[in-house]
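The structure under discussion appears below in the form of structure tokens.
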Amino acid sequence: MSYQVLARKWRPRRFSELVGQEHVVRALSNALDGDRLHHAFLFTGTRGVGKTTIARIFAKSLNCERGQSSQPCGECRACLDIDAGRFVDLLEIDAASHTGVDDVREMIESAQYTPARGRQKVFLIDEVHMLSKNAFNALLKTLEEPPAHVKFLLATTDPQKLPVTVLSRCLKFNLKRLLPEQIAGQMRHILDAEQIGFDAEAIALLAKGADGSLRDGLSLLDQAIAYGGGAVRAADVRAMLGTIERAQVTRLLDAIVADDGAALFAEVAKLAEFAPDFGLVLDDLAALLHRVQLRQLVPDLPLDGADAGDIARFAQSLGADAVQLYYQLCISGRRDLALAPTPRAGFEMALLRLLAFAPAGEAGGGAAPAP
Ligand SMILES: [Zn+2]
């Protein structure tokens with residue numbers, strides 16, 4: 001059997017399998033079971049958080065041959081065809097790739113006709129703000145006098161670009177970016193079921209790299225499995241993502257605090273062997289400084305994590321204003337990276353700036369001022 005990408009193989013087939021978006025699921029389920037369905041829904045939110053998946057489950061709920069319910073059977077012809085993406089009454093349109101094409105207008109105008117097979121036609125229009133003018137007018141006309149057999153699921157990453165006339169006719173939901181823990185939980189669930197070995201740190205790195213999108217996370221997981229030859233290990237994931245060990249970031253900051261340029265560049269040379277993404281290293285350094293500053297100024301806030309000892313040490317040895325300055329320099333260094341002659345040169349200049357701007361008398365000594 002050929003390899004099937006995880007995001008597709010593990011696409012949820014029922015509302016209860018969906019990760020996150022509980023508020024949307026509850027509203028849709030109640031409407032389906034109580035038969036009080038709005039005819040147009042607008043989902044806002046970033047990519048890869050479940051729009052297509054929700055649309056498919058919703059279409060099954062409406063068209064399941066055993067009757068409308070929030071728990072479609074998943075076994076009848078309609079359910080199977082929708083899962084396989086070949087149900088004629090579920091029309092998926094990506095407006096970002098179809099702008100100006102007359103087909104879209106015709107598709108929307110076809111909403112007037114009764115469904116070919118199911119009870120309800122479902123239109124999923126992604127990036128709806130990018131529809132052509134003609135297509136938009138057709139949509140508006142249909143939304144003004146919606147036929148009883150049509151449901152619209154509109155999605156956009158940019159709701160400000162939608163006219164009020166459309167907004168006012170839709171029930172609006174904000175799809176949330178997923179938390180790293182939610183993404184990590186789903187990754188562990190999948191790896192257990194697939195009987196693929198992994199370590200916790202690898203999953204934490206991948207979940208962070210997913211940046212709120214489960215789809216992106218699972219695609220990273222696919223890569224990590226291929227990269228690791230069937231297992232998911234932290235060292236492989238780090239190499240793959242271009243991230244580095246936390247201890248290396250700590251050593252960079254130690255050298256800066258000690259005002260020791262030689263030690264700093266010895267660390268840089270070691271780092272460079274891994275050919276990391278230098279932007280991510282600056283991110284990690286900024287994240288470390290953020291935690292140090294929290295420790296200094298909001299000492300009652302519990303900071304968990306393996307690096308609590310390092311955080312406490314830096315909180316002692318650096319002044320609060322120095323931490324602010326270092327943080328700013330990391331962020332601006334990150335921003336300027338694209339303009340640097342090479343990423344490594346940009347990275348080194350950012351570190352040199354931290355070294356150069358070390359506040360007088362700060363190095364290795366000064367205690368944190370009282371908050
Ligand atoms: Zn069914």
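Lettering and numbering for the structure tokens are positional, with chains as A, B, ... in the shown order, residues counted from 1 in each chain, and ligands counted from 1 in the shown order.
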Inset, instruction - Could I get the residue neighbourhood of ligand 1 at 6 Å, counting only C-alpha atoms and all ligand atoms, as a list in words? - result: Cys64, Glu65, Arg66, Pro72, Cys73, Gly74, Glu75, Cys76, Ala78 and Cys79 of chain A
Put those residues in a file: N, CA and C atoms, as a CSV table (one decimal), in the first residue's frame.
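The resulting file, out_11.csv, is shown below:
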```csv
chain,number,residue,atom,x,y,z
A,64,CYS,N,-26.6,12.5,5.2
A,64,CYS,CA,-26.6,11.1,5.6
A,64,CYS,C,-27.9,10.4,5.3
A,65,GLU,N,-27.8,9.2,4.6
A,65,GLU,CA,-29.1,8.6,4.2
A,65,GLU,C,-29.9,8.1,5.4
A,66,ARG,N,-29.3,8.1,6.6
A,66,ARG,CA,-30.1,7.7,7.8
A,66,ARG,C,-30.8,8.9,8.4
A,72,PRO,N,-23.5,11.7,11.8
A,72,PRO,CA,-23.8,10.9,10.5
A,72,PRO,C,-23.2,9.5,10.7
A,73,CYS,N,-23.8,8.6,9.9
A,73,CYS,CA,-23.5,7.2,10.1
A,73,CYS,C,-22.0,6.9,9.7
A,74,GLY,N,-21.6,7.5,8.6
A,74,GLY,CA,-20.2,7.3,8.1
A,74,GLY,C,-20.2,6.0,7.3
A,75,GLU,N,-21.3,5.4,7.0
A,75,GLU,CA,-21.3,4.1,6.3
A,75,GLU,C,-22.1,4.1,5.0
A,76,CYS,N,-23.1,5.0,5.0
A,76,CYS,CA,-24.0,5.0,3.8
A,76,CYS,C,-23.2,5.6,2.6
A,78,ALA,N,-23.8,8.2,0.8
A,78,ALA,CA,-23.6,9.7,0.8
A,78,ALA,C,-22.4,10.0,1.8
A,79,CYS,N,-22.3,9.4,2.9
A,79,CYS,CA,-21.2,9.6,3.9
A,79,CYS,C,-19.9,9.2,3.3
```
Please provide the set of residues having any atom within 12 Å of range 83-87 of chain A, restricted to only C-alpha atoms, with same-chain residues fewer than 4 positions apart removed, written as an mmCIF file with all heavy atoms, in the first residue's frame.
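part-v7.cif written:
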```cif
data_model
loop_
_atom_site.group_PDB
_atom_site.id
_atom_site.type_symbol
_atom_site.label_atom_id
_atom_site.label_comp_id
_atom_site.auth_asym_id
_atom_site.auth_seq_id
_atom_site.Cartn_x
_atom_site.Cartn_y
_atom_site.Cartn_z
ATOM 1 N N ARG A 8 -4.272 13.548 5.670
ATOM 2 C CA ARG A 8 -5.420 12.996 4.953
ATOM 3 C C ARG A 8 -5.919 11.721 5.620
ATOM 4 O O ARG A 8 -7.106 11.522 5.824
ATOM 5 C CB ARG A 8 -5.064 12.723 3.493
ATOM 6 C CG ARG A 8 -6.320 12.378 2.700
ATOM 7 C CD ARG A 8 -6.078 12.264 1.218
ATOM 8 N NE ARG A 8 -5.256 13.322 0.666
ATOM 9 C CZ ARG A 8 -4.517 13.157 -0.430
ATOM 10 N NH1 ARG A 8 -4.500 12.004 -1.050
ATOM 11 N NH2 ARG A 8 -3.801 14.151 -0.895
ATOM 12 N N LYS A 9 -4.968 10.858 5.968
ATOM 13 C CA LYS A 9 -5.353 9.589 6.591
ATOM 14 C C LYS A 9 -6.100 9.816 7.904
ATOM 15 O O LYS A 9 -7.034 9.098 8.232
ATOM 16 C CB LYS A 9 -4.094 8.752 6.852
ATOM 17 C CG LYS A 9 -4.380 7.395 7.452
ATOM 18 C CD LYS A 9 -3.125 6.548 7.476
ATOM 19 C CE LYS A 9 -3.411 5.179 8.070
ATOM 20 N NZ LYS A 9 -2.154 4.413 8.246
ATOM 21 N N TRP A 10 -5.679 10.847 8.645
ATOM 22 C CA TRP A 10 -6.260 11.097 9.960
ATOM 23 C C TRP A 10 -7.225 12.270 9.962
ATOM 24 O O TRP A 10 -7.505 12.844 11.006
ATOM 25 C CB TRP A 10 -5.144 11.305 10.989
ATOM 26 C CG TRP A 10 -4.475 10.013 11.313
ATOM 27 C CD1 TRP A 10 -3.422 9.442 10.648
ATOM 28 C CD2 TRP A 10 -4.843 9.095 12.333
ATOM 29 N NE1 TRP A 10 -3.106 8.230 11.207
ATOM 30 C CE2 TRP A 10 -3.960 7.993 12.247
ATOM 31 C CE3 TRP A 10 -5.837 9.080 13.323
ATOM 32 C CZ2 TRP A 10 -4.042 6.905 13.113
ATOM 33 C CZ3 TRP A 10 -5.903 8.000 14.182
ATOM 34 C CH2 TRP A 10 -5.021 6.933 14.068
ATOM 35 N N ARG A 11 -7.735 12.626 8.808
ATOM 36 C CA ARG A 11 -8.738 13.694 8.777
ATOM 37 C C ARG A 11 -9.959 13.235 9.578
ATOM 38 O O ARG A 11 -10.505 12.154 9.315
ATOM 39 C CB ARG A 11 -9.157 13.972 7.328
ATOM 40 C CG ARG A 11 -10.071 15.189 7.203
ATOM 41 C CD ARG A 11 -10.760 15.231 5.857
ATOM 42 N NE ARG A 11 -9.944 15.723 4.749
ATOM 43 C CZ ARG A 11 -9.696 17.006 4.508
ATOM 44 N NH1 ARG A 11 -10.187 17.915 5.305
ATOM 45 N NH2 ARG A 11 -8.954 17.361 3.491
ATOM 46 N N PRO A 12 -10.397 14.007 10.561
ATOM 47 C CA PRO A 12 -11.521 13.574 11.386
ATOM 48 C C PRO A 12 -12.765 13.348 10.537
ATOM 49 O O PRO A 12 -13.034 14.112 9.607
ATOM 50 C CB PRO A 12 -11.734 14.741 12.348
ATOM 51 C CG PRO A 12 -10.443 15.468 12.361
ATOM 52 C CD PRO A 12 -9.864 15.296 10.994
ATOM 53 N N ARG A 13 -13.497 12.281 10.833
ATOM 54 C CA ARG A 13 -14.702 11.963 10.070
ATOM 55 C C ARG A 13 -15.965 12.256 10.854
ATOM 56 O O ARG A 13 -17.075 12.110 10.355
ATOM 57 C CB ARG A 13 -14.662 10.489 9.654
ATOM 58 C CG ARG A 13 -13.585 10.262 8.615
ATOM 59 C CD ARG A 13 -13.299 8.790 8.393
ATOM 60 N NE ARG A 13 -12.094 8.653 7.573
ATOM 61 C CZ ARG A 13 -12.099 8.694 6.248
ATOM 62 N NH1 ARG A 13 -13.223 8.850 5.591
ATOM 63 N NH2 ARG A 13 -10.981 8.573 5.572
ATOM 64 N N ARG A 14 -15.829 12.599 12.092
ATOM 65 C CA ARG A 14 -16.993 12.989 12.892
ATOM 66 C C ARG A 14 -16.603 14.158 13.791
ATOM 67 O O ARG A 14 -15.426 14.368 14.069
ATOM 68 C CB ARG A 14 -17.505 11.805 13.710
ATOM 69 C CG ARG A 14 -16.396 11.045 14.435
ATOM 70 C CD ARG A 14 -16.919 9.791 15.115
ATOM 71 N NE ARG A 14 -17.317 8.781 14.156
ATOM 72 C CZ ARG A 14 -18.518 8.208 14.134
ATOM 73 N NH1 ARG A 14 -19.419 8.562 15.028
ATOM 74 N NH2 ARG A 14 -18.802 7.286 13.249
ATOM 75 N N THR A 52 -12.133 22.760 5.971
ATOM 76 C CA THR A 52 -12.611 21.744 5.038
ATOM 77 C C THR A 52 -13.165 20.548 5.799
ATOM 78 O O THR A 52 -14.188 19.976 5.426
ATOM 79 C CB THR A 52 -11.466 21.292 4.109
ATOM 80 O OG1 THR A 52 -10.894 22.451 3.534
ATOM 81 C CG2 THR A 52 -11.977 20.388 3.023
ATOM 82 N N THR A 53 -12.488 20.199 6.863
ATOM 83 C CA THR A 53 -12.939 19.057 7.661
ATOM 84 C C THR A 53 -14.328 19.327 8.238
ATOM 85 O O THR A 53 -15.225 18.475 8.156
ATOM 86 C CB THR A 53 -11.933 18.806 8.802
ATOM 87 O OG1 THR A 53 -10.664 18.545 8.215
ATOM 88 C CG2 THR A 53 -12.360 17.636 9.649
ATOM 89 N N ILE A 54 -14.521 20.510 8.798
ATOM 90 C CA ILE A 54 -15.826 20.856 9.360
ATOM 91 C C ILE A 54 -16.886 20.842 8.256
ATOM 92 O O ILE A 54 -17.984 20.303 8.428
ATOM 93 C CB ILE A 54 -15.769 22.244 10.042
ATOM 94 C CG1 ILE A 54 -14.935 22.146 11.324
ATOM 95 C CG2 ILE A 54 -17.175 22.751 10.368
ATOM 96 C CD1 ILE A 54 -14.683 23.485 11.991
ATOM 97 N N ALA A 55 -16.549 21.387 7.095
ATOM 98 C CA ALA A 55 -17.511 21.433 5.984
ATOM 99 C C ALA A 55 -17.929 20.024 5.569
ATOM 100 O O ALA A 55 -19.102 19.759 5.308
ATOM 101 C CB ALA A 55 -16.905 22.174 4.805
ATOM 102 N N ARG A 56 -16.971 19.111 5.526
ATOM 103 C CA ARG A 56 -17.311 17.748 5.109
ATOM 104 C C ARG A 56 -18.195 17.049 6.133
ATOM 105 O O ARG A 56 -19.153 16.367 5.774
ATOM 106 C CB ARG A 56 -16.027 16.937 4.886
ATOM 107 C CG ARG A 56 -15.335 17.373 3.623
ATOM 108 C CD ARG A 56 -14.317 16.369 3.187
ATOM 109 N NE ARG A 56 -13.681 16.830 1.948
ATOM 110 C CZ ARG A 56 -12.647 16.247 1.379
ATOM 111 N NH1 ARG A 56 -12.128 15.161 1.946
ATOM 112 N NH2 ARG A 56 -12.139 16.709 0.269
ATOM 113 N N ILE A 57 -17.866 17.206 7.395
ATOM 114 C CA ILE A 57 -18.695 16.556 8.416
ATOM 115 C C ILE A 57 -20.097 17.166 8.409
ATOM 116 O O ILE A 57 -21.110 16.459 8.531
ATOM 117 C CB ILE A 57 -18.048 16.679 9.818
ATOM 118 C CG1 ILE A 57 -16.644 16.076 9.809
ATOM 119 C CG2 ILE A 57 -18.911 15.988 10.861
ATOM 120 C CD1 ILE A 57 -15.854 16.300 11.086
ATOM 121 N N PHE A 58 -20.138 18.485 8.216
ATOM 122 C CA PHE A 58 -21.423 19.181 8.159
ATOM 123 C C PHE A 58 -22.249 18.670 6.967
ATOM 124 O O PHE A 58 -23.452 18.377 7.097
ATOM 125 C CB PHE A 58 -21.150 20.683 8.020
ATOM 126 C CG PHE A 58 -22.357 21.562 8.078
ATOM 127 C CD1 PHE A 58 -23.154 21.599 9.209
ATOM 128 C CD2 PHE A 58 -22.688 22.375 7.007
ATOM 129 C CE1 PHE A 58 -24.270 22.432 9.272
ATOM 130 C CE2 PHE A 58 -23.795 23.211 7.054
ATOM 131 C CZ PHE A 58 -24.589 23.229 8.190
ATOM 132 N N ALA A 59 -21.597 18.503 5.821
ATOM 133 C CA ALA A 59 -22.299 17.999 4.635
ATOM 134 C C ALA A 59 -22.827 16.584 4.873
ATOM 135 O O ALA A 59 -23.924 16.232 4.440
ATOM 136 C CB ALA A 59 -21.366 18.022 3.426
ATOM 137 N N LYS A 60 -22.038 15.763 5.573
ATOM 138 C CA LYS A 60 -22.507 14.414 5.899
ATOM 139 C C LYS A 60 -23.707 14.470 6.831
ATOM 140 O O LYS A 60 -24.680 13.733 6.664
ATOM 141 C CB LYS A 60 -21.381 13.612 6.589
ATOM 142 C CG LYS A 60 -20.350 13.074 5.635
ATOM 143 C CD LYS A 60 -19.489 12.002 6.294
ATOM 144 C CE LYS A 60 -18.553 12.619 7.311
ATOM 145 N NZ LYS A 60 -17.586 11.630 7.841
ATOM 146 N N SER A 61 -23.619 15.359 7.828
ATOM 147 C CA SER A 61 -24.715 15.491 8.784
ATOM 148 C C SER A 61 -26.020 15.823 8.072
ATOM 149 O O SER A 61 -27.086 15.346 8.455
ATOM 150 C CB SER A 61 -24.401 16.592 9.796
ATOM 151 O OG SER A 61 -23.231 16.282 10.511
ATOM 152 N N ASN A 63 -26.704 15.216 4.819
ATOM 153 C CA ASN A 63 -27.057 14.341 3.701
ATOM 154 C C ASN A 63 -27.011 12.850 4.012
ATOM 155 O O ASN A 63 -27.311 12.037 3.140
ATOM 156 C CB ASN A 63 -26.136 14.628 2.510
ATOM 157 C CG ASN A 63 -26.500 15.945 1.846
ATOM 158 O OD1 ASN A 63 -27.624 16.126 1.405
ATOM 159 N ND2 ASN A 63 -25.565 16.875 1.809
ATOM 160 N N CYS A 64 -26.640 12.478 5.227
ATOM 161 C CA CYS A 64 -26.576 11.058 5.593
ATOM 162 C C CYS A 64 -27.915 10.402 5.255
ATOM 163 O O CYS A 64 -28.982 10.955 5.536
ATOM 164 C CB CYS A 64 -26.278 10.914 7.081
ATOM 165 S SG CYS A 64 -26.311 9.200 7.639
ATOM 166 N N PRO A 72 -23.539 11.707 11.761
ATOM 167 C CA PRO A 72 -23.818 10.934 10.549
ATOM 168 C C PRO A 72 -23.225 9.522 10.658
ATOM 169 O O PRO A 72 -22.250 9.325 11.391
ATOM 170 C CB PRO A 72 -23.115 11.737 9.453
ATOM 171 C CG PRO A 72 -22.097 12.563 10.156
ATOM 172 C CD PRO A 72 -22.658 12.855 11.505
ATOM 173 N N CYS A 73 -23.833 8.575 9.933
ATOM 174 C CA CYS A 73 -23.465 7.167 10.142
ATOM 175 C C CYS A 73 -22.045 6.861 9.683
ATOM 176 O O CYS A 73 -21.366 6.014 10.242
ATOM 177 C CB CYS A 73 -24.468 6.251 9.445
ATOM 178 S SG CYS A 73 -24.273 6.219 7.640
ATOM 179 N N GLY A 74 -21.588 7.547 8.632
ATOM 180 C CA GLY A 74 -20.233 7.271 8.135
ATOM 181 C C GLY A 74 -20.162 6.026 7.270
ATOM 182 O O GLY A 74 -19.081 5.643 6.826
ATOM 183 N N GLU A 75 -21.307 5.370 7.022
ATOM 184 C CA GLU A 75 -21.282 4.096 6.294
ATOM 185 C C GLU A 75 -22.102 4.113 5.016
ATOM 186 O O GLU A 75 -21.890 3.306 4.118
ATOM 187 C CB GLU A 75 -21.811 2.977 7.204
ATOM 188 C CG GLU A 75 -20.882 2.661 8.357
ATOM 189 C CD GLU A 75 -21.581 1.853 9.450
ATOM 190 O OE1 GLU A 75 -22.812 1.622 9.343
ATOM 191 O OE2 GLU A 75 -20.893 1.473 10.410
ATOM 192 N N CYS A 76 -23.120 4.999 4.952
ATOM 193 C CA CYS A 76 -23.976 4.997 3.768
ATOM 194 C C CYS A 76 -23.216 5.580 2.574
ATOM 195 O O CYS A 76 -22.139 6.139 2.717
ATOM 196 C CB CYS A 76 -25.250 5.798 4.045
ATOM 197 S SG CYS A 76 -24.970 7.558 4.224
ATOM 198 N N ARG A 77 -23.797 5.461 1.410
ATOM 199 C CA ARG A 77 -23.145 5.935 0.184
ATOM 200 C C ARG A 77 -22.819 7.425 0.267
ATOM 201 O O ARG A 77 -21.715 7.855 -0.074
ATOM 202 C CB ARG A 77 -24.060 5.617 -1.015
ATOM 203 C CG ARG A 77 -23.620 6.161 -2.317
ATOM 204 C CD ARG A 77 -22.857 5.223 -3.248
ATOM 205 N NE ARG A 77 -22.365 3.977 -2.707
ATOM 206 C CZ ARG A 77 -21.068 3.610 -2.778
ATOM 207 N NH1 ARG A 77 -20.181 4.387 -3.309
ATOM 208 N NH2 ARG A 77 -20.688 2.455 -2.316
ATOM 209 N N ALA A 78 -23.778 8.230 0.758
ATOM 210 C CA ALA A 78 -23.552 9.677 0.839
ATOM 211 C C ALA A 78 -22.359 9.971 1.760
ATOM 212 O O ALA A 78 -21.455 10.733 1.401
ATOM 213 C CB ALA A 78 -24.812 10.375 1.350
ATOM 214 N N CYS A 79 -22.347 9.372 2.936
ATOM 215 C CA CYS A 79 -21.243 9.605 3.887
ATOM 216 C C CYS A 79 -19.905 9.187 3.270
ATOM 217 O O CYS A 79 -18.917 9.930 3.350
ATOM 218 C CB CYS A 79 -21.474 8.825 5.181
ATOM 219 S SG CYS A 79 -22.709 9.574 6.274
ATOM 220 N N LEU A 91 -19.846 21.267 -2.892
ATOM 221 C CA LEU A 91 -19.012 21.985 -3.861
ATOM 222 C C LEU A 91 -17.972 22.817 -3.126
ATOM 223 O O LEU A 91 -18.319 23.713 -2.358
ATOM 224 C CB LEU A 91 -19.882 22.888 -4.737
ATOM 225 C CG LEU A 91 -20.847 22.098 -5.626
ATOM 226 C CD1 LEU A 91 -22.258 22.156 -5.072
ATOM 227 C CD2 LEU A 91 -20.811 22.630 -7.045
ATOM 228 N N GLU A 92 -16.713 22.468 -3.326
ATOM 229 C CA GLU A 92 -15.638 23.186 -2.658
ATOM 230 C C GLU A 92 -14.972 24.125 -3.653
ATOM 231 O O GLU A 92 -14.510 23.709 -4.702
ATOM 232 C CB GLU A 92 -14.609 22.206 -2.091
ATOM 233 C CG GLU A 92 -15.192 21.274 -1.035
ATOM 234 C CD GLU A 92 -14.155 20.331 -0.418
ATOM 235 O OE1 GLU A 92 -12.975 20.717 -0.335
ATOM 236 O OE2 GLU A 92 -14.534 19.219 -0.031
ATOM 237 N N PRO A 115 -30.618 19.653 -5.300
ATOM 238 C CA PRO A 115 -29.434 18.792 -5.258
ATOM 239 C C PRO A 115 -29.606 17.593 -6.185
ATOM 240 O O PRO A 115 -30.714 17.111 -6.408
ATOM 241 C CB PRO A 115 -29.367 18.333 -3.804
ATOM 242 C CG PRO A 115 -30.294 19.202 -3.048
ATOM 243 C CD PRO A 115 -31.279 19.776 -3.996
ATOM 244 N N ALA A 116 -28.478 17.118 -6.723
ATOM 245 C CA ALA A 116 -28.520 15.978 -7.643
ATOM 246 C C ALA A 116 -28.790 14.682 -6.891
ATOM 247 O O ALA A 116 -29.531 13.825 -7.343
ATOM 248 C CB ALA A 116 -27.195 15.884 -8.395
ATOM 249 N N ARG A 117 -28.174 14.536 -5.723
ATOM 250 C CA ARG A 117 -28.266 13.268 -5.014
ATOM 251 C C ARG A 117 -28.744 13.410 -3.589
ATOM 252 O O ARG A 117 -29.524 12.611 -3.085
ATOM 253 C CB ARG A 117 -26.888 12.600 -5.004
ATOM 254 C CG ARG A 117 -26.580 11.898 -6.302
ATOM 255 C CD ARG A 117 -25.567 10.801 -6.050
ATOM 256 N NE ARG A 117 -25.743 10.169 -4.754
ATOM 257 C CZ ARG A 117 -24.754 9.703 -4.024
ATOM 258 N NH1 ARG A 117 -23.522 9.835 -4.420
ATOM 259 N NH2 ARG A 117 -25.000 9.111 -2.871
ATOM 260 N N GLY A 118 -28.249 14.415 -2.898
ATOM 261 C CA GLY A 118 -28.545 14.533 -1.469
ATOM 262 C C GLY A 118 -29.791 15.354 -1.208
ATOM 263 O O GLY A 118 -30.547 15.670 -2.120
ATOM 264 N N GLN A 120 -29.406 18.249 0.642
ATOM 265 C CA GLN A 120 -28.915 19.620 0.745
ATOM 266 C C GLN A 120 -27.639 19.786 -0.067
ATOM 267 O O GLN A 120 -26.751 18.925 -0.036
ATOM 268 C CB GLN A 120 -28.594 19.937 2.215
ATOM 269 C CG GLN A 120 -29.811 20.037 3.107
ATOM 270 C CD GLN A 120 -30.346 21.453 3.188
ATOM 271 O OE1 GLN A 120 -29.607 22.419 3.255
ATOM 272 N NE2 GLN A 120 -31.668 21.579 3.144
ATOM 273 N N LYS A 121 -27.569 20.894 -0.777
ATOM 274 C CA LYS A 121 -26.310 21.270 -1.425
ATOM 275 C C LYS A 121 -25.502 22.069 -0.434
ATOM 276 O O LYS A 121 -26.022 22.966 0.224
ATOM 277 C CB LYS A 121 -26.600 22.170 -2.620
ATOM 278 C CG LYS A 121 -26.754 21.456 -3.921
ATOM 279 C CD LYS A 121 -26.789 22.483 -5.038
ATOM 280 C CE LYS A 121 -27.231 21.782 -6.305
ATOM 281 N NZ LYS A 121 -27.366 22.713 -7.432
ATOM 282 N N VAL A 122 -24.225 21.752 -0.334
ATOM 283 C CA VAL A 122 -23.353 22.507 0.557
ATOM 284 C C VAL A 122 -22.245 23.142 -0.265
ATOM 285 O O VAL A 122 -21.539 22.458 -1.004
ATOM 286 C CB VAL A 122 -22.743 21.594 1.648
ATOM 287 C CG1 VAL A 122 -21.803 22.396 2.544
ATOM 288 C CG2 VAL A 122 -23.843 20.946 2.481
ATOM 289 N N PHE A 123 -22.130 24.448 -0.145
ATOM 290 C CA PHE A 123 -21.046 25.177 -0.801
ATOM 291 C C PHE A 123 -20.021 25.572 0.239
ATOM 292 O O PHE A 123 -20.361 26.231 1.211
ATOM 293 C CB PHE A 123 -21.571 26.460 -1.463
ATOM 294 C CG PHE A 123 -22.354 26.226 -2.716
ATOM 295 C CD1 PHE A 123 -23.674 25.820 -2.663
ATOM 296 C CD2 PHE A 123 -21.763 26.417 -3.965
ATOM 297 C CE1 PHE A 123 -24.405 25.612 -3.819
ATOM 298 C CE2 PHE A 123 -22.483 26.212 -5.128
ATOM 299 C CZ PHE A 123 -23.812 25.803 -5.061
#
```
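Comparing A:Thr165, A:Asp260, A:Val5, A:Gly67 by their smallest distance to Leu32 in chain A, the closest is A:Gly67 (using only C-alpha atoms).
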Legend entry - Selection near Ser219 in chain A, 9 Å with only C-alpha atoms, sequence-local residues under 4 positions removed, as a list in words: Val5, Leu6, Ala7, Ala210, Leu214, Arg215, Gln223 and Ala224 of chain A
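Here CA of Gln328 in chain A stands at a distance of 9.8 Å from CA of Leu289 in chain A.
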Legend entry - All residues 12 Å or closer to Leu354 in chain A, only C-alpha atoms, same chain fewer than 4 positions away omitted, as a VMD selection string: chain A and resid 252 to 261 264 282 285 to 286 322 to 333 347 to 350 358 to 359 363
Can you write just those residues out, C-alpha atoms, as a PDB file, in the first residue's frame?
```
ATOM      1  CA  LEU A 252      25.355  32.093  23.937  1.00  0.00           C
ATOM      2  CA  LEU A 253      23.765  34.249  26.607  1.00  0.00           C
ATOM      3  CA  ASP A 254      26.338  33.132  29.188  1.00  0.00           C
ATOM      4  CA  ALA A 255      29.145  34.351  26.918  1.00  0.00           C
ATOM      5  CA  ILE A 256      27.378  37.675  26.363  1.00  0.00           C
ATOM      6  CA  VAL A 257      26.763  38.186  30.076  1.00  0.00           C
ATOM      7  CA  ALA A 258      30.431  37.379  30.757  1.00  0.00           C
ATOM      8  CA  ASP A 259      31.410  39.893  28.042  1.00  0.00           C
ATOM      9  CA  ASP A 260      33.553  37.116  26.534  1.00  0.00           C
ATOM     10  CA  GLY A 261      33.717  37.569  22.750  1.00  0.00           C
ATOM     11  CA  LEU A 264      30.755  33.670  22.153  1.00  0.00           C
ATOM     12  CA  LEU A 282      17.483  34.630  17.577  1.00  0.00           C
ATOM     13  CA  LEU A 285      17.315  33.805  22.461  1.00  0.00           C
ATOM     14  CA  ALA A 286      14.487  36.371  22.594  1.00  0.00           C
ATOM     15  CA  ALA A 322      19.640  45.096  30.069  1.00  0.00           C
ATOM     16  CA  VAL A 323      17.175  42.270  29.466  1.00  0.00           C
ATOM     17  CA  GLN A 324      14.817  44.716  27.744  1.00  0.00           C
ATOM     18  CA  LEU A 325      17.655  45.980  25.554  1.00  0.00           C
ATOM     19  CA  TYR A 326      18.925  42.490  24.680  1.00  0.00           C
ATOM     20  CA  TYR A 327      15.416  41.423  23.764  1.00  0.00           C
ATOM     21  CA  GLN A 328      14.996  44.417  21.449  1.00  0.00           C
ATOM     22  CA  LEU A 329      18.355  43.715  19.827  1.00  0.00           C
ATOM     23  CA  CYS A 330      17.362  40.082  19.162  1.00  0.00           C
ATOM     24  CA  ILE A 331      14.087  41.159  17.578  1.00  0.00           C
ATOM     25  CA  SER A 332      15.692  43.831  15.400  1.00  0.00           C
ATOM     26  CA  GLY A 333      18.490  41.426  14.489  1.00  0.00           C
ATOM     27  CA  PHE A 347      23.313  36.617  13.141  1.00  0.00           C
ATOM     28  CA  GLU A 348      26.869  37.429  14.191  1.00  0.00           C
ATOM     29  CA  MET A 349      26.250  41.168  13.915  1.00  0.00           C
ATOM     30  CA  ALA A 350      23.183  40.822  16.133  1.00  0.00           C
ATOM     31  CA  ALA A 358      26.263  45.448  27.392  1.00  0.00           C
ATOM     32  CA  PRO A 359      25.403  48.109  29.979  1.00  0.00           C
ATOM     33  CA  ALA A 363      28.865  41.913  32.969  1.00  0.00           C
TER      34      ALA A 363
END
```
Legend entry - Closest of A:Ile190, A:Leu297, A:Leu220, A:Ala235 to Ala202 in chain A - atom-to-atom distances counting only C-alpha atoms: A:Ala235
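Of the residues under consideration (A:Ser110, A:Gln4, A:Ser70, A:Gln21), A:Ser70 shows the shortest atom-to-atom contact distance to Gly34 in chain A when counting only C-alpha atoms.
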Inset, instruction - Give the strand (DSSP E) residues of range 41-78 of chain A, as DSSP finds them on the backbone, and put them as a list in words. - result: Phe41, Leu42, Phe43 and Thr44 of chain A
Output file for the residues above (C-alpha atoms, as a CSV table (one decimal), in the first residue's frame):
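Output contents, as saved in out-v4.csv:
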```
chain,number,residue,atom,x,y,z
A,41,PHE,CA,-22.0,30.4,8.0
A,42,LEU,CA,-18.8,32.4,7.9
A,43,PHE,CA,-15.6,31.0,9.4
A,44,THR,CA,-12.7,33.3,10.0
```
Inset, instruction - Could you tell me how far CA of Pro302 in chain A lies from CA of Asp284 in chain A, in Å and to one decimal? - result: 19.7 Å
Legend entry - Residues near Arg246 in chain A, cut-off 9 Å, only C-alpha atoms, skip fewer than 3 positions along chain, as a list in words: Val249, Thr250, Arg251, Asp284 and Asp307 of chain A
Inset, instruction - Excluding Ala308 in chain A and residues on its chain fewer than 6 positions from it, collect all residues at most 10 Å away from it, counting only C-alpha atoms, and give them as a VMD selection string. - result: chain A and resid 291 to 292 295 302
Legend entry - Selection near Val237 in chain A, 12 Å with only C-alpha atoms, sequence-local residues under 4 positions removed, as a ChimeraX atom specification: /A:198-209,220-229,231-233,241-245,276
Inset, instruction - List every residue of range 157-252 of chain A that DSSP, applied to the backbone of this structure, assigns to helix (DSSP H, G or I), and report them as a PyMOL selection string. - result: chain A and resi 159-161+164-167+180-194+200-209+214-227+234-241+246-252
